[in-house]
Amino acid sequence: MSTLQISLAIIGGLVLAGVVAYNAWIARKSAPRTASERGHDSRFHANSRFEDTKPAADGSLQEDGHRIDPVLGDGFGGMSGGGGMAHEGHPLPSQTSPVTLNQMVSPADKRAGLDALIDVITPLQLEAAVLGEALLAAMPGTRRVGSKPFAVEGQTPTGEWETPRPGQRYRTLQAGVQLANRSGALNDIEFSEFVVKVQAFADAVGASPDFPDMRAEVARARELDAFASAHDAQLGFTLRARSAAWSPGYVAQHAYRLGFVAGSLPGRMVLPGSQGQAPILSLTFDPQAAMADDPEQSALRDMALALEVTHVPRSEQPFVRMREIAAFLAEAMDGVVTDDAGHLLSRDTMDHIGADLESLYDALDSRDLAAGSPQARRLFS
């Protein structure tokens with residue numbers, strides 16, 4: 001073999017090796033980031049603010065006692081619906097022992113009692129005390145009237161109202177149906193169904209109902225529904241990967257560090273409230289990726305961060321926390337934050353949204369329907 005042939009063979013081998021190495025590099029770059037990459041991610045370690053970050057008592061992100069402001073420059077900001085309002089923990093050291101919502105949140109409070117603010121209430125006068133067992137046996141088969149929740153309550157000797165329970169005796173009862181919810185206002189047909197259902201129950205337990213005027217209650221329902229429709233808000237950011245996709249474990253690893261816990265559905269994580277009530281924020285991604293045989297090989301290009309405004313108390317500073325968490329995740333995971341149409345929002349726009357939310361909170365407070373209250377959670381459901 002001549003020297004020329006040997007040289008060409010060597011050059012061909014080097015070219016082939018280069019092609020193989022390039023293809024391997026491309027494959028690695030396009031593969032989803034996994035949770036195990038945290039220890040090898042130079043960008044992650046280059047910024048120490050992410051290494052020792054934790055939520056503070058007021059919900060803001062803190063590092064060694066210093067507040068971290070959100071980074072809103074290129075790539076931050078977004079709301080579902082093109083930036084409008086739509087009608088409608090403790091960090092873990094690793095992903096091997098995920099905390100669940102049940103571990104973080106105390107059992108849900110019992111159903112909020114009937115309230116004249118958002119319910120039609122009918123007093124039921126009893127001729128004699130009735131045992132809770134008899135009341136439960138006479139209850140209607142369903143606890144709904146049309147699309148509205150229906151309830152019967154008994155008054156205890158201390159004057160409190162509760163759902164009838166075995167072993168308790170009741171001398172006074174009341175029945176109620178919700179005036180409005182996200183399905184709309186109570187209408188004439190639903191009110192008539194309520195009357196029929198209450199009358200049947202009253203006959204079974206020996207009670208006399210005192211029904212309110214239907215026209216007045218239906219009008220009240222329409223007015224409440226109009227108010228609710230004008231003040232219902234759900235906000236959403238979309239976090240999108242700039243280059244390499246994320247695996248479900250990579251997403252969860254970063255979310256755990258901010259206090260998120262596993263939700264009840266695949267691909268959903270939530271940030272529990274400080275009082276163990278409704279979650280403050282939810283973080284969701286493709287449930288099919290979360291349920292894959294090998295989730296670490298699933299590629300996520302985006303995920304959604306959402307706030308149910310009317311369900312979270314203003315005291316939790318939910319929008320402030322939402323902005324800071326979105327900025328944190330975008331920087332830590334090499335992503336951007338947009339609305340659902342892919343548009344970036346400026347700091348000024350985000351500030352404007354925050355001011356609008358404060359006005360919404362004030363309007364809810366003026367109607368005794370403060371965000372996060374039992375009445376608000378029932379009305380906006």
# chains A, B, ... in the order shown; residues from 1 in each chain; ligands from 1
>>> select_by_dssp(residues="segment 100-336 of chain A", states="alpha helix (DSSP H)", output="JSON, numbers by chain")
{"A": [101, 102, 103, 104, 132, 133, 134, 135, 136, 137, 138, 188, 189, 190, 191, 192, 193, 194, 195, 196, 197, 198, 199, 200, 201, 202, 203, 204, 205, 214, 215, 216, 217, 218, 219, 220, 221, 222, 223, 224, 225, 226, 227, 228, 229, 230, 231, 248, 249, 250, 251, 252, 253, 254, 255, 256, 257, 287, 288, 289, 290, 318, 319, 320, 321, 322, 323, 324, 325, 326, 327, 328, 329, 330, 331, 332]}
>>> residues_around(residues="Val309 of chain A", least_positions_apart="2", cutoff="8 Å", atoms="only C-alpha atoms", output="JSON, numbers by chain")
{"A": [232, 233, 234, 235, 307, 311, 312, 318, 371]}
>>> residues_around(residues="Arg367 of chain A", least_positions_apart="4", cutoff="12 Å", atoms="only C-alpha atoms", output="compact mmCIF listing (two decimals) with C-alpha atoms, in the first residue's frame")
# COMPACT_ATOMS: atom_id res chain seq x y z
CA LEU A 117 -74.73 35.29 51.32
CA ILE A 118 -74.55 32.58 48.65
CA LEU A 224 -74.60 37.18 42.37
CA PHE A 227 -70.77 39.70 40.05
CA ALA A 228 -68.95 36.36 40.09
CA HIS A 231 -64.55 38.88 39.16
CA LEU A 360 -60.12 42.44 42.22
CA TYR A 361 -59.25 41.50 45.82
CA ASP A 362 -60.78 44.77 47.02
CA ALA A 363 -63.99 44.08 45.09
CA ALA A 371 -60.37 35.31 48.02
CA SER A 373 -62.73 32.18 52.01
CA GLN A 375 -67.80 31.24 50.48
CA ALA A 376 -65.50 32.30 47.62
>>> closest_residue(among="A:Pro279, A:Gly249, A:Asp115, A:Pro166", to="Ala292 of chain A", atoms="only C-alpha atoms")
A:Gly249
>>> residues_around(residues="Asn181 of chain A", least_positions_apart="3", cutoff="12 Å", atoms="only C-alpha atoms", output="PyMOL selection string")
chain A and resi 87-88+118-119+146-149+177-178+184-187+221-222+224-229+232+375-381
>>> residues_around(residues="Leu131 of chain A", least_positions_apart="5", cutoff="8 Å", atoms="only C-alpha atoms", output="list in words")
Pro166, Gly167, Gln168, Arg169 and Tyr170 of chain A
>>> write_last_selection(atoms="N, CA and C atoms", output="PDB file, in the first residue's frame")
ATOM      1  N   PRO A 166     -74.985  10.732  63.367  1.00  0.00           N
ATOM      2  CA  PRO A 166     -75.564   9.753  64.287  1.00  0.00           C
ATOM      3  C   PRO A 166     -75.276  10.117  65.750  1.00  0.00           C
ATOM      4  N   GLY A 167     -76.248   9.809  66.619  1.00  0.00           N
ATOM      5  CA  GLY A 167     -76.066  10.037  68.048  1.00  0.00           C
ATOM      6  C   GLY A 167     -76.454  11.423  68.510  1.00  0.00           C
ATOM      7  N   GLN A 168     -76.728  12.337  67.591  1.00  0.00           N
ATOM      8  CA  GLN A 168     -77.095  13.714  67.948  1.00  0.00           C
ATOM      9  C   GLN A 168     -78.593  13.895  67.754  1.00  0.00           C
ATOM     10  N   ARG A 169     -79.214  14.706  68.619  1.00  0.00           N
ATOM     11  CA  ARG A 169     -80.637  15.029  68.506  1.00  0.00           C
ATOM     12  C   ARG A 169     -80.772  16.482  68.049  1.00  0.00           C
ATOM     13  N   TYR A 170     -81.737  16.720  67.162  1.00  0.00           N
ATOM     14  CA  TYR A 170     -81.923  18.048  66.593  1.00  0.00           C
ATOM     15  C   TYR A 170     -83.371  18.497  66.750  1.00  0.00           C
TER      16      TYR A 170
END
>>> atom_distance(atom1="atom CA of Gly263 of chain A", atom2="atom CA of Glu308 of chain A")
15.3 Å
>>> atom_distance(atom1="atom CA of Pro266 of chain A", atom2="atom CA of Ala245 of chain A")
18.8 Å
>>> select_by_dssp(residues="segment 260-294 of chain A", states="strand (DSSP E or B)", output="PyMOL selection string")
chain A and resi 261-262+268-271+281-284
>>> write_last_selection(atoms="C-alpha atoms", output="compact mmCIF listing (two decimals), in the first residue's frame")
# COMPACT_ATOMS: atom_id res chain seq x y z
CA VAL A 261 -45.34 18.47 46.40
CA ALA A 262 -46.81 15.70 44.29
CA ARG A 268 -49.37 17.72 38.54
CA MET A 269 -47.55 19.30 41.49
CA VAL A 270 -48.93 21.86 43.93
CA LEU A 271 -47.58 24.45 46.33
CA LEU A 281 -50.14 27.31 42.84
CA SER A 282 -50.17 24.29 40.57
CA LEU A 283 -47.44 23.12 38.21
CA THR A 284 -48.56 20.73 35.47
>>> closest_residue(among="A:Ile325, A:Ala219, A:Ala138, A:Val198", to="Gly259 of chain A", atoms="only C-alpha atoms")
A:Ile325
>>> closest_residue(among="A:Glu127, A:Glu133, A:Glu190, A:Glu316", to="Pro272 of chain A", atoms="only C-alpha atoms")
A:Glu316
>>> closest_residue(among="A:Gly236, A:Val196, A:Asp302, A:Ala252", to="Ile353 of chain A", atoms="only C-alpha atoms")
A:Gly236
